[in-house]
>>> print(open('entry.txt').read())   # compact mmCIF, C-alpha atoms
# COMPACT_ATOMS: atom_id res chain seq x y z
CA MET A 341 -22.80 80.54 -28.80
CA MET A 342 -24.42 83.02 -31.15
CA PRO A 343 -27.94 84.04 -30.06
CA LEU A 344 -29.30 83.89 -33.64
CA SER A 345 -29.75 81.09 -36.15
CA SER A 346 -28.58 81.55 -39.74
CA ASP A 347 -32.20 82.07 -40.87
CA GLN A 348 -32.79 84.71 -38.21
CA GLN A 349 -29.56 86.50 -39.13
CA ALA A 350 -30.59 86.45 -42.81
CA GLU A 351 -33.91 88.12 -41.90
CA ILE A 352 -32.08 90.83 -39.98
CA ASP A 353 -29.57 91.38 -42.79
CA GLN A 354 -32.46 91.77 -45.24
CA ALA A 355 -34.17 94.33 -42.97
CA ARG A 356 -30.93 96.25 -42.46
CA GLY A 357 -30.31 96.29 -46.20
CA ALA A 358 -33.59 98.06 -46.95
CA ALA A 359 -33.90 101.86 -46.82
CA GLN A 360 -37.13 103.84 -46.55
CA PRO A 361 -37.42 107.50 -47.60
CA SER A 362 -38.90 109.64 -44.83
CA ARG A 363 -39.27 113.25 -43.75
CA ARG A 364 -39.22 112.37 -40.08
CA PRO A 365 -36.00 112.94 -38.12
CA SER A 366 -33.53 110.07 -38.02
CA VAL A 367 -30.38 109.53 -35.95
CA PRO A 368 -27.41 108.18 -37.96
CA ALA A 369 -25.64 106.69 -34.91
CA LEU A 370 -28.73 104.67 -34.00
CA GLU A 371 -29.44 103.78 -37.63
CA GLU A 372 -26.03 102.07 -37.67
CA ILE A 373 -27.27 99.38 -35.27
CA LEU A 374 -30.99 99.36 -36.18
CA PHE A 375 -32.35 95.76 -36.21
CA GLN A 376 -28.93 94.40 -35.22
CA ALA A 377 -28.90 91.78 -32.44
CA LEU A 378 -26.53 92.97 -29.70
CA PRO A 379 -25.47 89.87 -27.73
CA VAL A 380 -26.22 89.63 -23.99
CA LEU A 381 -25.45 86.66 -21.69
CA ASP A 382 -25.08 83.28 -23.42
CA HIS A 383 -28.14 83.20 -25.71
CA GLY A 384 -29.76 86.63 -25.28
CA PHE A 385 -29.78 89.84 -27.26
CA VAL A 386 -31.16 93.38 -27.49
CA ARG A 387 -32.33 94.83 -30.81
CA VAL A 388 -33.57 98.34 -31.52
CA VAL A 389 -36.36 97.84 -34.07
CA ASP A 390 -37.92 101.33 -34.19
CA TYR A 391 -37.75 104.79 -32.63
CA MET A 392 -39.38 108.22 -32.81
CA GLY A 393 -37.80 111.54 -31.94
CA ASP A 394 -34.37 112.64 -30.77
CA ASP A 395 -32.76 115.30 -28.55
CA ALA A 396 -34.21 118.05 -30.72
CA ALA A 397 -37.70 116.63 -30.16
CA VAL A 398 -37.20 117.05 -26.40
CA VAL A 399 -36.28 120.71 -26.91
CA GLN A 400 -39.11 121.21 -29.38
CA ALA A 401 -41.64 119.84 -26.88
CA ALA A 402 -40.24 121.91 -24.01
CA ARG A 403 -40.49 125.13 -25.99
CA VAL A 404 -43.57 124.09 -28.02
CA SER A 405 -41.73 125.39 -31.08
CA TYR A 406 -42.28 124.78 -34.79
CA GLY A 407 -38.66 123.88 -35.52
CA ARG A 408 -36.29 121.16 -34.37
CA GLY A 409 -34.52 122.57 -31.35
CA THR A 410 -32.40 125.70 -31.61
CA LYS A 411 -29.59 126.85 -33.86
CA LYS A 412 -26.94 126.13 -31.22
CA VAL A 413 -26.31 122.69 -29.73
CA SER A 414 -25.09 124.38 -26.54
CA GLU A 415 -28.53 125.93 -26.05
CA ASP A 416 -30.21 122.55 -26.51
CA ARG A 417 -27.77 121.02 -24.05
CA GLY A 418 -28.41 123.74 -21.48
CA LEU A 419 -32.17 123.27 -21.71
CA ILE A 420 -32.00 119.45 -21.52
CA ASN A 421 -29.69 119.70 -18.52
CA TYR A 422 -32.16 122.04 -16.85
CA LEU A 423 -35.07 119.69 -17.56
CA MET A 424 -33.12 116.74 -16.13
CA ARG A 425 -31.97 118.62 -13.02
CA HIS A 426 -35.45 119.83 -12.18
CA ARG A 427 -37.23 116.60 -13.14
CA HIS A 428 -39.39 118.12 -15.86
CA THR A 429 -40.26 114.79 -17.43
CA THR A 430 -42.95 115.40 -20.04
CA PRO A 431 -40.60 116.67 -22.82
CA PHE A 432 -38.69 113.36 -22.56
CA GLU A 433 -41.96 111.46 -22.96
CA MET A 434 -42.25 112.77 -26.55
CA CYS A 435 -39.55 110.35 -27.75
CA GLU A 436 -40.20 106.59 -28.02
CA ILE A 437 -38.12 103.51 -28.73
CA LYS A 438 -38.99 99.86 -29.37
CA TYR A 439 -36.72 96.95 -28.49
CA HIS A 440 -36.78 93.26 -29.32
CA VAL A 441 -35.24 91.43 -26.36
CA LYS A 442 -34.34 87.80 -25.80
CA LEU A 443 -33.83 87.09 -22.10
CA PRO A 444 -34.09 84.38 -19.40
CA ILE A 445 -37.57 84.09 -17.90
CA PHE A 446 -36.35 85.03 -14.40
CA VAL A 447 -34.89 88.26 -15.81
CA ALA A 448 -38.16 88.93 -17.63
CA ARG A 449 -40.04 88.63 -14.32
CA GLN A 450 -37.83 91.31 -12.78
CA TRP A 451 -38.09 93.47 -15.89
CA ILE A 452 -41.89 93.35 -16.10
CA ARG A 453 -42.16 95.17 -12.77
CA HIS A 454 -41.47 98.30 -14.84
CA ARG A 455 -45.06 98.81 -15.90
CA THR A 456 -44.63 101.98 -17.96
CA ALA A 457 -44.09 100.21 -21.29
CA ASN A 458 -45.96 98.27 -23.95
CA VAL A 459 -44.98 94.60 -23.95
CA ASN A 460 -45.78 91.63 -26.16
CA GLU A 461 -44.11 88.36 -25.17
CA TYR A 462 -43.45 85.16 -27.10
CA SER A 463 -46.35 82.77 -26.53
CA ALA A 464 -45.50 79.25 -25.35
CA ARG A 465 -49.21 78.44 -25.71
CA TYR A 466 -48.85 78.93 -29.46
CA SER A 467 -45.22 77.96 -30.11
CA ILE A 468 -42.62 75.55 -28.73
CA LEU A 469 -39.79 77.11 -26.74
CA ASP A 470 -36.25 76.48 -27.98
CA ASN A 471 -33.85 74.38 -25.94
CA GLU A 472 -31.95 77.46 -24.75
CA TYR A 473 -31.34 78.17 -21.09
CA TYR A 474 -29.04 80.46 -19.15
CA LEU A 475 -25.98 79.03 -17.43
CA PRO A 476 -23.97 81.52 -15.35
CA GLN A 477 -20.25 81.89 -15.92
CA PRO A 478 -18.15 80.62 -12.98
CA GLU A 479 -17.45 84.15 -11.74
CA HIS A 480 -21.20 84.72 -11.30
CA LEU A 481 -21.89 81.62 -9.21
CA ALA A 482 -21.95 83.23 -5.78
CA ALA A 483 -23.28 82.44 -2.31
CA GLN A 484 -26.23 84.27 -0.73
CA SER A 485 -25.26 87.51 0.99
CA LYS A 486 -25.91 87.52 4.74
CA ALA A 487 -26.19 91.31 4.84
CA ASN A 488 -28.46 91.74 1.81
CA ARG A 489 -31.41 89.40 1.30
CA GLN A 490 -31.46 90.10 -2.44
CA GLY A 491 -27.74 90.09 -3.09
CA ARG A 492 -24.71 87.86 -3.58
CA ASP A 493 -21.58 87.30 -1.53
CA GLN A 494 -18.38 85.40 -2.24
CA VAL A 495 -18.00 83.49 -5.51
CA LEU A 496 -18.25 79.73 -5.17
CA THR A 497 -15.07 77.81 -5.99
CA GLY A 498 -13.77 74.28 -6.44
CA ARG A 499 -16.05 71.29 -6.07
CA GLU A 500 -18.94 73.33 -4.73
CA ALA A 501 -18.97 75.51 -7.85
CA GLU A 502 -18.68 72.46 -10.11
CA ARG A 503 -21.56 70.74 -8.30
CA VAL A 504 -23.86 73.77 -8.60
CA PHE A 505 -23.04 74.25 -12.29
CA ASP A 506 -23.64 70.53 -12.93
CA LEU A 507 -27.01 70.66 -11.14
CA LEU A 508 -28.14 73.70 -13.13
CA LYS A 509 -27.18 72.09 -16.42
CA LYS A 510 -28.61 68.64 -15.66
CA ASP A 511 -31.91 70.05 -14.36
CA ALA A 512 -32.35 72.23 -17.46
CA GLU A 513 -31.59 69.31 -19.76
CA LEU A 514 -33.99 67.04 -17.88
CA VAL A 515 -36.96 69.42 -17.80
CA TYR A 516 -36.57 70.16 -21.53
CA GLU A 517 -36.42 66.44 -22.28
CA HIS A 518 -39.66 65.98 -20.31
CA TYR A 519 -41.17 69.04 -22.00
CA MET A 520 -40.59 67.52 -25.44
CA GLU A 521 -41.80 64.12 -24.24
CA MET A 522 -45.04 65.64 -22.94
CA LEU A 523 -45.55 67.61 -26.16
CA ASN A 524 -44.87 64.52 -28.26
CA GLU A 525 -44.33 66.80 -31.23
CA GLY A 526 -41.52 67.13 -33.77
CA GLU A 527 -40.28 70.28 -35.50
CA SER A 528 -42.79 69.96 -38.34
CA GLY A 529 -45.69 69.11 -36.01
CA GLU A 530 -45.74 65.34 -36.50
CA PRO A 531 -46.15 63.17 -33.36
CA LEU A 532 -42.94 61.61 -32.09
CA ASP A 533 -44.96 58.65 -30.83
CA PRO A 534 -48.10 58.01 -32.94
CA GLU A 535 -49.58 56.03 -30.06
CA ARG A 536 -49.78 59.09 -27.79
CA SER A 537 -51.76 62.34 -28.14
CA GLY A 538 -49.29 64.62 -26.38
CA LEU A 539 -49.99 67.31 -23.80
CA ALA A 540 -51.24 70.77 -24.80
CA ARG A 541 -48.45 73.35 -25.18
CA GLU A 542 -50.06 75.63 -22.61
CA LEU A 543 -49.70 72.86 -20.01
CA ALA A 544 -46.38 71.32 -21.05
CA ARG A 545 -44.61 74.68 -20.64
CA MET A 546 -45.26 74.82 -16.89
CA ASN A 547 -42.50 72.31 -16.19
CA LEU A 548 -39.74 74.48 -17.69
CA SER A 549 -37.43 76.35 -15.32
CA LEU A 550 -36.98 80.12 -15.09
CA ALA A 551 -33.56 79.75 -16.73
CA PHE A 552 -35.11 79.17 -20.17
CA TYR A 553 -35.19 82.04 -22.64
CA THR A 554 -38.22 83.99 -23.73
CA GLN A 555 -38.53 86.96 -26.10
CA TRP A 556 -40.60 90.10 -26.25
CA TYR A 557 -41.08 93.45 -27.91
CA TRP A 558 -40.76 96.27 -25.37
CA LYS A 559 -41.74 99.82 -26.31
CA THR A 560 -41.31 102.78 -23.99
CA ASN A 561 -40.68 106.52 -24.00
CA LEU A 562 -37.38 108.21 -23.26
CA HIS A 563 -38.37 109.28 -19.74
CA ASN A 564 -39.39 105.76 -18.69
CA LEU A 565 -36.37 104.24 -20.41
CA MET A 566 -34.10 106.42 -18.30
CA HIS A 567 -36.05 105.48 -15.16
CA PHE A 568 -35.56 101.80 -16.03
CA LEU A 569 -31.84 102.36 -16.62
CA SER A 570 -31.43 104.36 -13.39
CA LEU A 571 -32.46 101.23 -11.47
CA ARG A 572 -31.18 98.41 -13.66
CA ALA A 573 -27.86 99.90 -14.84
CA ASP A 574 -27.01 100.67 -11.22
CA ALA A 575 -24.16 98.71 -9.64
CA HIS A 576 -26.57 97.25 -7.07
CA ALA A 577 -28.84 95.68 -9.71
CA GLN A 578 -28.67 91.94 -10.33
CA TYR A 579 -25.93 91.15 -12.84
CA GLU A 580 -28.21 89.29 -15.26
CA ILE A 581 -30.52 92.28 -15.79
CA ARG A 582 -27.75 94.87 -15.44
CA VAL A 583 -25.95 93.58 -18.55
CA TYR A 584 -29.13 94.17 -20.58
CA ALA A 585 -29.42 97.68 -19.15
CA GLU A 586 -25.79 98.44 -20.02
CA VAL A 587 -26.37 97.49 -23.67
CA MET A 588 -29.51 99.64 -23.71
CA LEU A 589 -27.59 102.51 -22.11
CA ASP A 590 -25.32 102.50 -25.16
CA THR A 591 -28.35 102.61 -27.46
CA LEU A 592 -29.53 105.67 -25.50
CA ARG A 593 -26.12 107.28 -26.08
CA ARG A 594 -26.47 106.71 -29.80
CA TRP A 595 -30.10 107.83 -29.94
CA CYS A 596 -30.16 110.96 -27.75
CA PRO A 597 -26.56 111.81 -26.81
CA ILE A 598 -27.39 115.09 -25.03
CA SER A 599 -30.15 113.48 -22.97
CA HIS A 600 -27.80 110.55 -22.30
CA ASP A 601 -25.09 112.85 -20.96
CA ALA A 602 -27.59 114.72 -18.78
CA PHE A 603 -28.91 111.40 -17.47
CA ILE A 604 -25.40 110.21 -16.57
CA GLU A 605 -24.56 113.54 -14.93
CA TYR A 606 -27.69 114.14 -12.87
CA ARG A 607 -29.33 110.72 -12.42
CA LEU A 608 -27.05 107.73 -12.82
CA GLY A 609 -23.93 109.54 -11.62
CA GLY A 610 -25.70 111.82 -9.15
CA ALA A 611 -27.20 111.22 -5.71
CA HIS A 612 -30.45 112.04 -3.95
CA LEU A 613 -30.12 113.28 -0.38
CA SER A 614 -32.71 113.32 2.37
CA ARG A 615 -33.23 116.46 4.42
CA THR A 616 -31.41 114.84 7.37
CA GLY A 617 -28.56 113.66 5.16
CA LEU A 618 -28.15 117.13 3.68
CA ALA A 619 -28.07 118.63 7.18
CA ALA A 620 -25.32 116.18 8.17
CA ILE A 621 -23.22 117.21 5.17
CA ARG A 622 -23.64 120.89 6.03
CA ARG A 623 -22.41 120.16 9.53
CA MET A 624 -19.37 118.33 8.10
CA ILE A 625 -18.58 121.25 5.81
CA ALA A 626 -18.77 123.56 8.83
CA GLY A 627 -16.04 121.49 10.46
CA GLU A 628 -18.17 119.49 12.87
CA THR A 629 -17.37 115.83 13.49
CA VAL A 630 -20.45 113.81 12.58
CA ASP A 631 -20.98 110.09 13.14
CA GLN A 632 -23.96 107.84 12.61
CA LYS A 633 -25.51 108.40 16.03
CA SER A 634 -25.24 112.17 15.89
CA SER A 635 -26.31 112.40 12.24
CA GLY A 636 -29.94 111.45 12.86
CA LEU A 637 -29.68 108.75 10.16
CA ASN A 638 -30.26 105.07 10.77
CA PRO A 639 -27.28 102.72 10.19
CA ARG A 640 -28.29 101.82 6.65
CA GLU A 641 -28.88 105.45 5.65
CA TRP A 642 -25.52 106.37 7.16
CA ARG A 643 -23.73 103.64 5.18
CA GLU A 644 -25.41 104.85 1.99
CA LEU A 645 -24.40 108.47 2.68
CA ALA A 646 -20.84 107.39 3.48
CA ALA A 647 -20.68 105.50 0.18
CA VAL A 648 -21.89 108.58 -1.75
CA LEU A 649 -19.27 110.78 -0.03
CA GLY A 650 -16.50 108.20 -0.38
CA LEU A 651 -15.95 108.01 3.37
CA GLY A 652 -14.13 105.00 4.78
>>> encode(input="entry.txt", output="structure tokens")
Amino acid sequence: MMPLSSDQQAEIDQARGAAQPSRRPSVPALEEILFQALPVLDHGFVRVVDYMGDDAAVVQAARVSYGRGTKKVSEDRGLINYLMRHRHTTPFEMCEIKYHVKLPIFVARQWIRHRTANVNEYSARYSILDNEYYLPQPEHLAAQSKANRQGRDQVLTGREAERVFDLLKKDAELVYEHYMEMLNEGESGEPLDPERSGLARELARMNLSLAFYTQWYWKTNLHNLMHFLSLRADAHAQYEIRVYAEVMLDTLRRWCPISHDAFIEYRLGGAHLSRTGLAAIRRMIAGETVDQKSSGLNPREWRELAAVLGLG
């Protein structure tokens, strides 16, 4: 199902059709998708609605120069790589981006833990939530992991999977039916039952499940966006927030391609080692046989190091 109504799509098309003259830097690759709703999950989306700065702004801030970067892209790339490697973050804070995101409430509660952003969420005290809720695809209905308290294990199959899916769907349908009954309010505001007053919106909303969709505007700088993506685009992140991060990772690629490449190289695709872990690697390179007990690492740290090194 498309995440937008025809009226909403018409508003976006109108915004995308308008052009504003400006002297400020713009990024053609990001302009291509500006305002566009990029689908995520069954009813969600991510939209870039505004941005400020680009890769050249990072270089400009680092050098405190009057121009926009240097004459050679290779020099800009070298400097941005250096800044990323050595965690010089303030130049990346000079660029900002604003997203409009539609997401399940339980994903929003994970997301809001990232406190380095400006957020304004859809108000269910003021408006009535749509009858849109998230239902996982069969391949994402999985049992609780026994080894990881916040992870999944084997995918449910057969009757068990059907039963869980049916429960999720029936519960969502029931709570929304009760929500509308408590509100006693039609689309144009008229009472469905003139004999009843209806419950206040701020109270009726409390019965909805975390699967229902909310929306917000989320504005952050480039440094904090990359920190968010380093955690949420990681393979260990929950699937339902990771798919949002993956879409946003592509917007980063369009917006600041040099910073994106440096981020992939040194943060998302790199690894941080403890002093003890680094010592264990040095011993391995020297030809010494090292196991978990002799490494000085606890079992979990050893498993993480083995995963980084690709050891069986």
>>> residues_around(input="entry.txt", residues="A:Arg364", least_positions_apart="4", cutoff="12 Å", atoms="all atoms listed in the file", output="MDAnalysis selection string")
chainID A and resid 360 391:394 397 408
>>> closest_residue(input="entry.txt", among="A:Pro343, A:Pro597, A:Gly491, A:Gly526", to="A:Leu381", atoms="all atoms listed in the file")
A:Pro343
>>> atom_distance(input="entry.txt", atom1="atom CA of A:His567", atom2="atom CA of A:Tyr439")
15.8 Å
>>> residues_around(input="entry.txt", residues="A:Leu508", least_positions_apart="4", cutoff="8 Å", atoms="all atoms listed in the file", output="PDB file with C-alpha atoms, in the coordinates of the input")
ATOM      1  CA  LEU A 475     -25.980  79.030 -17.430  1.00  0.00           C
ATOM      2  CA  VAL A 504     -23.860  73.770  -8.600  1.00  0.00           C
ATOM      3  CA  ALA A 512     -32.350  72.230 -17.460  1.00  0.00           C
TER       4      ALA A 512
END
>>> closest_residue(input="entry.txt", among="A:Ser635, A:Ser599, A:Thr629, A:Ser485", to="A:Gly617", atoms="only C-alpha atoms")
A:Ser635
>>> residues_around(input="entry.txt", residues="stretch 477-483 of chain A", least_positions_apart="5", cutoff="9 Å", atoms="only C-alpha atoms", output="PyMOL selection string")
chain A and resi 491-497+501-502+504-505+579
>>> atom_distance(input="entry.txt", atom1="atom CA of A:Ala350", atom2="atom CA of A:Ala377")
11.8 Å
>>> atom_distance(input="entry.txt", atom1="atom CA of A:Asn421", atom2="atom CA of A:Asp395")
11.4 Å
>>> residues_around(input="entry.txt", residues="stretch 534-551 of chain A", least_positions_apart="5", cutoff="12 Å", atoms="all atoms listed in the file", output="PyMOL selection string")
chain A and resi 381-384+443-450+463-476+508-526+529+580
>>> closest_residue(input="entry.txt", among="A:Glu644, A:Glu371, A:Glu461, A:Asp533", to="A:Thr554", atoms="all atoms listed in the file")
A:Glu461
>>> closest_residue(input="entry.txt", among="A:Leu507, A:Lys559, A:Glu436, A:Glu372", to="A:Val459", atoms="only C-alpha atoms")
A:Lys559
>>> closest_atom_pairs(input="entry.txt", of="stretch 524-570 of chain A", to="stretch 586-589 of chain A", cutoff="12 Å", atoms="only C-alpha atoms", output="JSON lines")
{"residue": "A:Trp558", "atom": "CA", "partner": "A:Met588", "partner_atom": "CA", "distance": 11.9}
{"residue": "A:Leu562", "atom": "CA", "partner": "A:Leu589", "partner_atom": "CA", "distance": 11.4}
{"residue": "A:Leu565", "atom": "CA", "partner": "A:Met588", "partner_atom": "CA", "distance": 8.9}
{"residue": "A:Met566", "atom": "CA", "partner": "A:Leu589", "partner_atom": "CA", "distance": 8.5}
{"residue": "A:His567", "atom": "CA", "partner": "A:Leu589", "partner_atom": "CA", "distance": 11.3}
{"residue": "A:Phe568", "atom": "CA", "partner": "A:Met588", "partner_atom": "CA", "distance": 10.0}
{"residue": "A:Leu569", "atom": "CA", "partner": "A:Leu589", "partner_atom": "CA", "distance": 6.9}
{"residue": "A:Ser570", "atom": "CA", "partner": "A:Leu589", "partner_atom": "CA", "distance": 9.7}
>>> closest_residue(input="entry.txt", among="A:Ser366, A:Trp451, A:Val583, A:Glu628", to="A:Leu378", atoms="only C-alpha atoms")
A:Val583
>>> residues_around(input="entry.txt", residues="A:Tyr422", least_positions_apart="2", cutoff="12 Å", atoms="only C-alpha atoms", output="count of residues only")
22
>>> closest_residue(input="entry.txt", among="A:Phe375, A:Asn561, A:Ile604, A:Cys596", to="A:Asp574", atoms="only C-alpha atoms")
A:Ile604
>>> axis_aligned_box(input="entry.txt", around="stretch 461-467 of chain A", padding_each_side="3 Å", output="lines of an AutoDock Vina configuration file")
center_x = -46.3
center_y = 83.2
center_z = -27.6
size_x = 11.8
size_y = 16.4
size_z = 10.9
>>> build_atoms(input="entry.txt", residues="stretch 418-428 of chain A", atoms="all heavy atoms", output="PDB file, keeping the file's coordinate frame")
ATOM      1  N   GLY A 418     -28.066 123.015 -22.702  1.00  0.00           N
ATOM      2  CA  GLY A 418     -28.410 123.740 -21.480  1.00  0.00           C
ATOM      3  C   GLY A 418     -29.850 123.501 -21.060  1.00  0.00           C
ATOM      4  O   GLY A 418     -30.134 123.315 -19.867  1.00  0.00           O
ATOM      5  N   LEU A 419     -30.764 123.498 -22.028  1.00  0.00           N
ATOM      6  CA  LEU A 419     -32.170 123.270 -21.710  1.00  0.00           C
ATOM      7  C   LEU A 419     -32.401 121.841 -21.225  1.00  0.00           C
ATOM      8  O   LEU A 419     -33.096 121.611 -20.219  1.00  0.00           O
ATOM      9  CB  LEU A 419     -33.041 123.562 -22.928  1.00  0.00           C
ATOM     10  CG  LEU A 419     -34.550 123.279 -22.753  1.00  0.00           C
ATOM     11  CD1 LEU A 419     -35.120 124.041 -21.570  1.00  0.00           C
ATOM     12  CD2 LEU A 419     -35.304 123.619 -24.035  1.00  0.00           C
ATOM     13  N   ILE A 420     -31.825 120.851 -21.912  1.00  0.00           N
ATOM     14  CA  ILE A 420     -32.000 119.450 -21.520  1.00  0.00           C
ATOM     15  C   ILE A 420     -31.411 119.209 -20.134  1.00  0.00           C
ATOM     16  O   ILE A 420     -32.002 118.502 -19.302  1.00  0.00           O
ATOM     17  CB  ILE A 420     -31.404 118.510 -22.571  1.00  0.00           C
ATOM     18  CG1 ILE A 420     -32.301 118.511 -23.825  1.00  0.00           C
ATOM     19  CG2 ILE A 420     -31.240 117.097 -22.031  1.00  0.00           C
ATOM     20  CD1 ILE A 420     -31.755 117.725 -24.992  1.00  0.00           C
ATOM     21  N   ASN A 421     -30.266 119.814 -19.856  1.00  0.00           N
ATOM     22  CA  ASN A 421     -29.690 119.700 -18.520  1.00  0.00           C
ATOM     23  C   ASN A 421     -30.623 120.281 -17.460  1.00  0.00           C
ATOM     24  O   ASN A 421     -30.796 119.711 -16.370  1.00  0.00           O
ATOM     25  CB  ASN A 421     -28.330 120.407 -18.450  1.00  0.00           C
ATOM     26  CG  ASN A 421     -27.228 119.628 -19.151  1.00  0.00           C
ATOM     27  OD1 ASN A 421     -27.392 118.449 -19.488  1.00  0.00           O
ATOM     28  ND2 ASN A 421     -26.100 120.284 -19.396  1.00  0.00           N
ATOM     29  N   TYR A 422     -31.229 121.407 -17.775  1.00  0.00           N
ATOM     30  CA  TYR A 422     -32.160 122.040 -16.850  1.00  0.00           C
ATOM     31  C   TYR A 422     -33.367 121.131 -16.619  1.00  0.00           C
ATOM     32  O   TYR A 422     -33.799 120.943 -15.470  1.00  0.00           O
ATOM     33  CB  TYR A 422     -32.625 123.389 -17.418  1.00  0.00           C
ATOM     34  CG  TYR A 422     -33.664 124.077 -16.551  1.00  0.00           C
ATOM     35  CD1 TYR A 422     -33.288 124.908 -15.505  1.00  0.00           C
ATOM     36  CD2 TYR A 422     -35.026 123.880 -16.793  1.00  0.00           C
ATOM     37  CE1 TYR A 422     -34.241 125.526 -14.701  1.00  0.00           C
ATOM     38  CE2 TYR A 422     -35.989 124.485 -16.001  1.00  0.00           C
ATOM     39  CZ  TYR A 422     -35.592 125.311 -14.955  1.00  0.00           C
ATOM     40  OH  TYR A 422     -36.542 125.901 -14.162  1.00  0.00           O
ATOM     41  N   LEU A 423     -33.914 120.582 -17.691  1.00  0.00           N
ATOM     42  CA  LEU A 423     -35.070 119.690 -17.560  1.00  0.00           C
ATOM     43  C   LEU A 423     -34.724 118.471 -16.701  1.00  0.00           C
ATOM     44  O   LEU A 423     -35.525 118.048 -15.856  1.00  0.00           O
ATOM     45  CB  LEU A 423     -35.521 119.218 -18.947  1.00  0.00           C
ATOM     46  CG  LEU A 423     -36.047 120.288 -19.914  1.00  0.00           C
ATOM     47  CD1 LEU A 423     -36.262 119.682 -21.293  1.00  0.00           C
ATOM     48  CD2 LEU A 423     -37.334 120.907 -19.392  1.00  0.00           C
ATOM     49  N   MET A 424     -33.528 117.922 -16.902  1.00  0.00           N
ATOM     50  CA  MET A 424     -33.120 116.740 -16.130  1.00  0.00           C
ATOM     51  C   MET A 424     -32.907 117.096 -14.665  1.00  0.00           C
ATOM     52  O   MET A 424     -33.368 116.369 -13.769  1.00  0.00           O
ATOM     53  CB  MET A 424     -31.832 116.162 -16.725  1.00  0.00           C
ATOM     54  CG  MET A 424     -31.436 114.809 -16.158  1.00  0.00           C
ATOM     55  SD  MET A 424     -32.512 113.447 -16.693  1.00  0.00           S
ATOM     56  CE  MET A 424     -32.076 113.348 -18.430  1.00  0.00           C
ATOM     57  N   ARG A 425     -32.241 118.217 -14.408  1.00  0.00           N
ATOM     58  CA  ARG A 425     -31.970 118.620 -13.020  1.00  0.00           C
ATOM     59  C   ARG A 425     -33.251 118.836 -12.239  1.00  0.00           C
ATOM     60  O   ARG A 425     -33.359 118.468 -11.070  1.00  0.00           O
ATOM     61  CB  ARG A 425     -31.145 119.914 -12.976  1.00  0.00           C
ATOM     62  CG  ARG A 425     -29.688 119.768 -13.255  1.00  0.00           C
ATOM     63  CD  ARG A 425     -28.891 120.977 -12.740  1.00  0.00           C
ATOM     64  NE  ARG A 425     -29.449 122.276 -13.114  1.00  0.00           N
ATOM     65  CZ  ARG A 425     -29.206 122.896 -14.264  1.00  0.00           C
ATOM     66  NH1 ARG A 425     -28.427 122.307 -15.170  1.00  0.00           N
ATOM     67  NH2 ARG A 425     -29.723 124.082 -14.512  1.00  0.00           N
ATOM     68  N   HIS A 426     -34.221 119.452 -12.879  1.00  0.00           N
ATOM     69  CA  HIS A 426     -35.450 119.830 -12.180  1.00  0.00           C
ATOM     70  C   HIS A 426     -36.593 118.844 -12.398  1.00  0.00           C
ATOM     71  O   HIS A 426     -37.741 119.142 -12.044  1.00  0.00           O
ATOM     72  CB  HIS A 426     -35.851 121.243 -12.602  1.00  0.00           C
ATOM     73  CG  HIS A 426     -34.861 122.283 -12.169  1.00  0.00           C
ATOM     74  ND1 HIS A 426     -34.851 122.831 -10.911  1.00  0.00           N
ATOM     75  CD2 HIS A 426     -33.807 122.849 -12.827  1.00  0.00           C
ATOM     76  CE1 HIS A 426     -33.868 123.704 -10.807  1.00  0.00           C
ATOM     77  NE2 HIS A 426     -33.211 123.737 -11.972  1.00  0.00           N
ATOM     78  N   ARG A 427     -36.265 117.686 -12.989  1.00  0.00           N
ATOM     79  CA  ARG A 427     -37.230 116.600 -13.140  1.00  0.00           C
ATOM     80  C   ARG A 427     -38.490 117.024 -13.895  1.00  0.00           C
ATOM     81  O   ARG A 427     -39.611 116.655 -13.532  1.00  0.00           O
ATOM     82  CB  ARG A 427     -37.589 115.998 -11.768  1.00  0.00           C
ATOM     83  CG  ARG A 427     -36.393 115.384 -11.060  1.00  0.00           C
ATOM     84  CD  ARG A 427     -36.764 114.780  -9.717  1.00  0.00           C
ATOM     85  NE  ARG A 427     -35.605 114.214  -9.067  1.00  0.00           N
ATOM     86  CZ  ARG A 427     -35.160 112.962  -9.230  1.00  0.00           C
ATOM     87  NH1 ARG A 427     -35.818 112.151 -10.054  1.00  0.00           N
ATOM     88  NH2 ARG A 427     -34.081 112.523  -8.600  1.00  0.00           N
ATOM     89  N   HIS A 428     -38.299 117.808 -14.941  1.00  0.00           N
ATOM     90  CA  HIS A 428     -39.390 118.120 -15.860  1.00  0.00           C
ATOM     91  C   HIS A 428     -39.422 116.989 -16.893  1.00  0.00           C
ATOM     92  O   HIS A 428     -38.646 116.963 -17.841  1.00  0.00           O
ATOM     93  CB  HIS A 428     -39.165 119.472 -16.535  1.00  0.00           C
ATOM     94  CG  HIS A 428     -39.233 120.622 -15.578  1.00  0.00           C
ATOM     95  ND1 HIS A 428     -40.338 120.883 -14.810  1.00  0.00           N
ATOM     96  CD2 HIS A 428     -38.325 121.580 -15.256  1.00  0.00           C
ATOM     97  CE1 HIS A 428     -40.132 121.959 -14.059  1.00  0.00           C
ATOM     98  NE2 HIS A 428     -38.905 122.392 -14.309  1.00  0.00           N
TER      99      HIS A 428
END
